[in-house]
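Trainee: Structure below; questions to follow.
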2 protein chains.
Amino acid sequence: MKTDDDTALEVFGFFNEIGIINQLSTTMLAKSLPDGIHPSHFSILNHLVRMGDGKSPLRIASAMQVTKNTMTHSLKVLQDRGYIGVEPNPDDGRGKLVYLTDAGRVFRDQAILRVTDAFGDVIGPDQLSIIRRIHGDLELIRAHLDRNR
Amino acid sequence: MKTDDDTALEVFGFFNEIGIINQLSTTMLAKSLPDGIHPSHFSILNHLVRMGDGKSPLRIASAMQVTKNTMTHSLKVLQDRGYIGVEPNPDDGRGKLVYLTDAGRVFRDQAILRVTDAFGDVIGPDQLSIIRRIHGDLELIRAHLDRNR
DNA sequence: CTTGACTAGTTCTACATCGAACCATTATAG
DNA sequence: CTATAATGGTTCGATGTAGAACTAGTCAAG
């Protein structure tokens, strides 16, 4: 019969597996990006392209699951590189809005190509079918964790 | 018909989901550990308890998927706290061996209780069944990434 | 033996990230 | 209206982590 302890180990083992996969994939991603651009920066650009820009820093932070102070820092890096522009929100004196620049879009598109290449070398048909199989379940877990934070 | 780009987005979305789950679970874990003990530190203690101590720093680093310089740092923290002892390897003048102290074992056991509590509040039967369902697939992905690093 | 390649750990520097304290603006209650 | 609470961002200090260069010990080839 299963004890609570067994269950705990099961849960812990699961998140451990998640952590290592994250570690390995982040490292792969980092290696296929140019120097000075961290995976998290790329992720922000990608988010803005896919979801549309003109979002507030706080909204982006929430989507990326990082704190707002981290987002302040990351946006500064992207702004210094000329990939985004940050402007005050005309409707709210406290807020700001983030826009992609042309350079930002170009950089993101080129980065996608390089990243796709790098991952294509490692992710074969077998892995792809696993990814497709469990993606929905991962979404459920993520949504649940997010809701019960 | 599916293009390469669609596939890339699928793969990217998968790792993104993994990253967010990792982020959320790490944050949960961090909150249920006492101040000054990072999840990665806890993970090392846990590893030593489960796999047996007397391992070299490099072996532990490899198991945790961090670099050896990171491991040097983490072990120093654990040693300062009195949770581990580090001794020279009698069979290899270059190497060292890591041992758990009694305090380390006690701390780990207490931490397990607190962590189990915290996760028990969030992980219900539905989540547990998902975890059981996809754990094997995650192992496959992890092993593949590890092999093709 | 001795030299050159390899391995185990450390140190240094850089950076992403967090928590906490803080400022400015907006919203709400009395 | 005014005082208080809540919200959006920034700044500061601390810390985990990676990459590169380095030291010291081991191993292998001649």
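Just remember, in the structure tokens the first chain shown is A, the second B, etc., residues are 1-based per chain, and ligands are 1-based in the order shown.
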Taking only C-alpha atoms (C1' of nucleotides) into account, which residues of chain A are within 9 Å of chain C, as a CSV table (one decimal) with N, CA and C atoms, in the first residue's frame?

Mentor:
```csv
chain,number,residue,atom,x,y,z
A,38,HIS,N,19.8,36.8,-23.3
A,38,HIS,CA,19.4,35.7,-22.4
A,38,HIS,C,18.1,35.1,-22.9
A,40,SER,N,15.5,34.5,-21.4
A,40,SER,CA,14.4,35.2,-20.9
A,40,SER,C,14.1,36.4,-21.8
A,66,VAL,N,7.7,36.1,-13.9
A,66,VAL,CA,8.8,36.6,-13.1
A,66,VAL,C,8.3,37.8,-12.4
A,67,THR,N,9.0,38.3,-11.4
A,67,THR,CA,8.6,39.5,-10.6
A,67,THR,C,8.8,40.7,-11.4
A,69,ASN,N,10.3,43.5,-10.7
A,69,ASN,CA,11.6,44.0,-10.6
A,69,ASN,C,12.5,43.4,-11.7
A,70,THR,N,12.3,42.1,-11.8
A,70,THR,CA,13.1,41.4,-12.9
A,70,THR,C,12.7,41.9,-14.2
A,73,HIS,N,14.4,45.1,-15.1
A,73,HIS,CA,15.8,44.9,-15.5
A,73,HIS,C,15.8,44.3,-17.0
A,74,SER,N,15.0,43.3,-17.3
A,74,SER,CA,15.0,42.7,-18.6
A,74,SER,C,14.7,43.7,-19.7
A,92,ASP,N,-2.9,56.2,-18.0
A,92,ASP,CA,-2.6,55.9,-16.6
A,92,ASP,C,-1.2,56.4,-16.3
A,93,GLY,N,-1.1,57.5,-15.6
A,93,GLY,CA,0.1,58.1,-15.3
A,93,GLY,C,1.2,57.2,-14.6
A,94,ARG,N,0.7,56.1,-14.0
A,94,ARG,CA,1.7,55.2,-13.4
A,94,ARG,C,2.3,54.3,-14.3
A,95,GLY,N,1.5,53.9,-15.3
A,95,GLY,CA,1.9,52.8,-16.2
A,95,GLY,C,2.8,53.2,-17.4
```

Trainee: Please provide as a list of chain:residue names all residues within 9 Å of range 51-59 of chain B, with the sequence filter that same-chain residues fewer than 5 positions apart are discarded (counting only C-alpha atoms (C1' of nucleotides)).

Mentor: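 Near neighbours after the sequence-gap exclusion: B:Asn46, B:Met64, B:Thr67, B:Lys68, B:Met71, B:Thr72, B:Leu75, B:Val86, B:Asn89, B:Gly95, B:Lys96, B:Leu97, B:Val98, B:Tyr99, B:Leu100, C:DA8, C:DG9.
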
Trainee: Save out the residues we just selected, N, CA and C atoms (P, O5', C5', C4', C3', O3' and C1' of nucleotides), as a PDB file, in the first residue's frame.

Mentor:
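As a result, again-v2.pdb now contains:
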```pdb
ATOM      1  N   ASN B  46      18.831  16.099  -0.376  1.00  0.00           N
ATOM      2  CA  ASN B  46      17.900  15.031  -0.708  1.00  0.00           C
ATOM      3  C   ASN B  46      18.576  13.952  -1.554  1.00  0.00           C
ATOM      4  N   MET B  64      22.756  16.725 -10.577  1.00  0.00           N
ATOM      5  CA  MET B  64      21.886  17.893 -10.423  1.00  0.00           C
ATOM      6  C   MET B  64      21.820  18.719 -11.702  1.00  0.00           C
ATOM      7  N   THR B  67      26.841  23.164 -13.225  1.00  0.00           N
ATOM      8  CA  THR B  67      28.274  23.127 -13.489  1.00  0.00           C
ATOM      9  C   THR B  67      29.026  22.926 -12.179  1.00  0.00           C
ATOM     10  N   LYS B  68      30.286  22.545 -12.303  1.00  0.00           N
ATOM     11  CA  LYS B  68      31.048  22.233 -11.093  1.00  0.00           C
ATOM     12  C   LYS B  68      31.351  23.480 -10.277  1.00  0.00           C
ATOM     13  N   MET B  71      28.490  23.973  -8.135  1.00  0.00           N
ATOM     14  CA  MET B  71      28.490  22.987  -7.052  1.00  0.00           C
ATOM     15  C   MET B  71      29.451  23.397  -5.949  1.00  0.00           C
ATOM     16  N   THR B  72      30.633  23.888  -6.333  1.00  0.00           N
ATOM     17  CA  THR B  72      31.584  24.373  -5.324  1.00  0.00           C
ATOM     18  C   THR B  72      30.911  25.374  -4.405  1.00  0.00           C
ATOM     19  N   LEU B  75      28.054  23.708  -2.175  1.00  0.00           N
ATOM     20  CA  LEU B  75      28.606  22.874  -1.105  1.00  0.00           C
ATOM     21  C   LEU B  75      29.180  23.741   0.012  1.00  0.00           C
ATOM     22  N   VAL B  86      33.044  17.867   3.950  1.00  0.00           N
ATOM     23  CA  VAL B  86      33.766  17.591   2.713  1.00  0.00           C
ATOM     24  C   VAL B  86      35.180  17.158   3.070  1.00  0.00           C
ATOM     25  N   ASN B  89      39.514  12.839  -0.959  1.00  0.00           N
ATOM     26  CA  ASN B  89      39.360  11.439  -1.362  1.00  0.00           C
ATOM     27  C   ASN B  89      40.703  10.727  -1.163  1.00  0.00           C
ATOM     28  N   GLY B  95      40.571  14.643  -5.822  1.00  0.00           N
ATOM     29  CA  GLY B  95      39.151  14.601  -5.518  1.00  0.00           C
ATOM     30  C   GLY B  95      38.787  14.838  -4.072  1.00  0.00           C
ATOM     31  N   LYS B  96      37.497  15.093  -3.850  1.00  0.00           N
ATOM     32  CA  LYS B  96      36.951  15.216  -2.510  1.00  0.00           C
ATOM     33  C   LYS B  96      35.713  14.337  -2.415  1.00  0.00           C
ATOM     34  N   LEU B  97      35.280  14.110  -1.202  1.00  0.00           N
ATOM     35  CA  LEU B  97      34.062  13.324  -0.992  1.00  0.00           C
ATOM     36  C   LEU B  97      33.146  14.075  -0.034  1.00  0.00           C
ATOM     37  N   VAL B  98      31.873  14.001  -0.308  1.00  0.00           N
ATOM     38  CA  VAL B  98      30.883  14.760   0.463  1.00  0.00           C
ATOM     39  C   VAL B  98      30.097  13.819   1.366  1.00  0.00           C
ATOM     40  N   TYR B  99      30.034  14.166   2.650  1.00  0.00           N
ATOM     41  CA  TYR B  99      29.280  13.353   3.603  1.00  0.00           C
ATOM     42  C   TYR B  99      28.211  14.174   4.304  1.00  0.00           C
ATOM     43  N   LEU B 100      27.081  13.539   4.561  1.00  0.00           N
ATOM     44  CA  LEU B 100      26.031  14.194   5.336  1.00  0.00           C
ATOM     45  C   LEU B 100      26.408  14.178   6.810  1.00  0.00           C
TER      46      LEU B 100
ATOM     47  P    DA C   8      37.044  13.891 -13.047  1.00  0.00           P
ATOM     48  O5'  DA C   8      37.690  14.831 -11.929  1.00  0.00           O
ATOM     49  C5'  DA C   8      38.396  14.226 -10.864  1.00  0.00           C
ATOM     50  C4'  DA C   8      38.524  15.197  -9.704  1.00  0.00           C
ATOM     51  C3'  DA C   8      37.220  15.892  -9.322  1.00  0.00           C
ATOM     52  O3'  DA C   8      37.162  16.004  -7.897  1.00  0.00           O
ATOM     53  C1'  DA C   8      38.816  17.518 -10.010  1.00  0.00           C
ATOM     54  P    DG C   9      35.834  16.496  -7.186  1.00  0.00           P
ATOM     55  O5'  DG C   9      36.286  17.898  -6.573  1.00  0.00           O
ATOM     56  C5'  DG C   9      37.145  18.669  -7.281  1.00  0.00           C
ATOM     57  C4'  DG C   9      37.743  19.813  -6.514  1.00  0.00           C
ATOM     58  C3'  DG C   9      36.739  20.869  -6.066  1.00  0.00           C
ATOM     59  O3'  DG C   9      37.214  21.539  -4.891  1.00  0.00           O
ATOM     60  C1'  DG C   9      38.078  21.710  -7.838  1.00  0.00           C
TER      61       DG C   9
END
```

Trainee: Gly136 in chain A: which residues within 12 Å, counting only C-alpha atoms (C1' of nucleotides), same-chain residues fewer than 4 positions away excluded, as a PyMOL selection string?

Mentor: (chain A and resi 130-132+140-143) or (chain B and resi 10+13-14+17-18+130+133-134)

Trainee: Write out the residues from the selection above, keeping C-alpha atoms, as a PDB file, in the first residue's frame.

Mentor:
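Output contents, as saved in part.pdb:
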```pdb
ATOM      1  CA  ILE A 130       5.910  12.622 -26.836  1.00  0.00           C
ATOM      2  CA  ILE A 131       5.710  16.398 -26.776  1.00  0.00           C
ATOM      3  CA  ARG A 132       2.380  16.327 -28.542  1.00  0.00           C
ATOM      4  CA  LEU A 140      -3.418  21.528 -16.939  1.00  0.00           C
ATOM      5  CA  ILE A 141      -0.707  21.295 -14.306  1.00  0.00           C
ATOM      6  CA  ARG A 142       0.576  24.765 -15.078  1.00  0.00           C
ATOM      7  CA  ALA A 143      -2.884  26.301 -14.935  1.00  0.00           C
TER       8      ALA A 143
ATOM      9  CA  GLU B  10       4.982  23.476 -30.859  1.00  0.00           C
ATOM     10  CA  GLY B  13       5.583  26.073 -26.510  1.00  0.00           C
ATOM     11  CA  PHE B  14       6.311  22.789 -24.831  1.00  0.00           C
ATOM     12  CA  GLU B  17       5.260  25.282 -20.411  1.00  0.00           C
ATOM     13  CA  ILE B  18       8.018  23.293 -18.738  1.00  0.00           C
ATOM     14  CA  ILE B 130      -1.615  13.527 -14.389  1.00  0.00           C
ATOM     15  CA  ARG B 133       0.506   9.542 -16.361  1.00  0.00           C
ATOM     16  CA  ILE B 134       3.265  11.665 -17.869  1.00  0.00           C
TER      17      ILE B 134
END
```

Trainee: Residues near Val11 in chain A, anyone? I mean within 12 Å using only C-alpha atoms (C1' of nucleotides), not counting same-chain ones fewer than 6 positions away, as an MDAnalysis selection string.

Mentor: (chainID A and resid 4:5 17:18) or (chainID B and resid 25 29 112 115:120 122:125 127:135)

Trainee: Residues of the last selection are to be written out with C-alpha atoms, as a PDB file, in the first residue's frame.

Mentor:
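Result written to result05.pdb:
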```pdb
ATOM      1  CA  ASP A   4       2.016   9.576   2.075  1.00  0.00           C
ATOM      2  CA  ASP A   5       5.765   9.471   1.858  1.00  0.00           C
ATOM      3  CA  GLU A  17      12.373  15.868 -13.796  1.00  0.00           C
ATOM      4  CA  ILE A  18      10.729  19.094 -14.907  1.00  0.00           C
TER       5      ILE A  18
ATOM      6  CA  SER B  25       7.134  24.825  -8.339  1.00  0.00           C
ATOM      7  CA  LEU B  29       9.479  24.998  -2.725  1.00  0.00           C
ATOM      8  CA  ILE B 112      10.592  17.019   3.708  1.00  0.00           C
ATOM      9  CA  VAL B 115       7.551  20.626   1.731  1.00  0.00           C
ATOM     10  CA  THR B 116       5.172  17.694   1.655  1.00  0.00           C
ATOM     11  CA  ASP B 117       2.648  19.780   3.549  1.00  0.00           C
ATOM     12  CA  ALA B 118       2.941  22.716   1.187  1.00  0.00           C
ATOM     13  CA  PHE B 119       2.613  20.602  -1.931  1.00  0.00           C
ATOM     14  CA  GLY B 120      -0.166  18.509  -0.437  1.00  0.00           C
ATOM     15  CA  VAL B 122      -1.932  22.177  -3.978  1.00  0.00           C
ATOM     16  CA  ILE B 123      -1.511  18.761  -5.553  1.00  0.00           C
ATOM     17  CA  GLY B 124      -4.834  16.945  -5.447  1.00  0.00           C
ATOM     18  CA  PRO B 125      -5.928  13.580  -6.844  1.00  0.00           C
ATOM     19  CA  GLN B 127      -2.957  16.464 -10.479  1.00  0.00           C
ATOM     20  CA  LEU B 128      -1.471  13.329  -9.022  1.00  0.00           C
ATOM     21  CA  SER B 129      -2.998  11.194 -11.713  1.00  0.00           C
ATOM     22  CA  ILE B 130      -1.615  13.527 -14.389  1.00  0.00           C
ATOM     23  CA  ILE B 131       1.793  13.359 -12.762  1.00  0.00           C
ATOM     24  CA  ARG B 132       1.703   9.583 -12.797  1.00  0.00           C
ATOM     25  CA  ARG B 133       0.506   9.542 -16.361  1.00  0.00           C
ATOM     26  CA  ILE B 134       3.265  11.665 -17.869  1.00  0.00           C
ATOM     27  CA  HIS B 135       6.203  11.011 -15.593  1.00  0.00           C
TER      28      HIS B 135
END
```

Trainee: Could you list the residues in chain D lying within 10 Å of chain A, using only C-alpha atoms (C1' of nucleotides), and format the result as a ChimeraX atom specification?

Mentor: /D:7-11,18

Trainee: So which residues touch Leu45 in chain A within 8 Å, counting only C-alpha atoms (C1' of nucleotides), skipping near sequence neighbours fewer than 6 positions away, as a list in words?

Mentor: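 Listed by chain and then number, they are Leu100, Gly104, Arg105 and Arg108 of chain A.
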
Trainee: Rank A:Arg50, A:Lys76, A:Gln65, A:Asp102 by their smallest atom-to-atom distance to chain B, using only C-alpha atoms, and report the top residue only.

Mentor: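 Among the listed residues, A:Gln65 lies closest to chain B.
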
Trainee: Given only C-alpha atoms as the basis, pick out the residue of A:Ala111, A:Val49, A:Ile20, A:Ala61 nearest to chain B.

Mentor: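 Result for the nearest residue to chain B: A:Ile20.
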
Trainee: Rounded to one decimal place, report the CA of Ala103 in chain B-CA of Arg81 in chain B distance in Å.

Mentor: 9.0 Å

Trainee: Can you list, as a ChimeraX atom specification, all residues belonging to range 6-145 of chain B that DSSP tags as helix (DSSP H, G or I)?

Mentor: /B:6-31,39-51,57-64,68-80,102-120,125-145
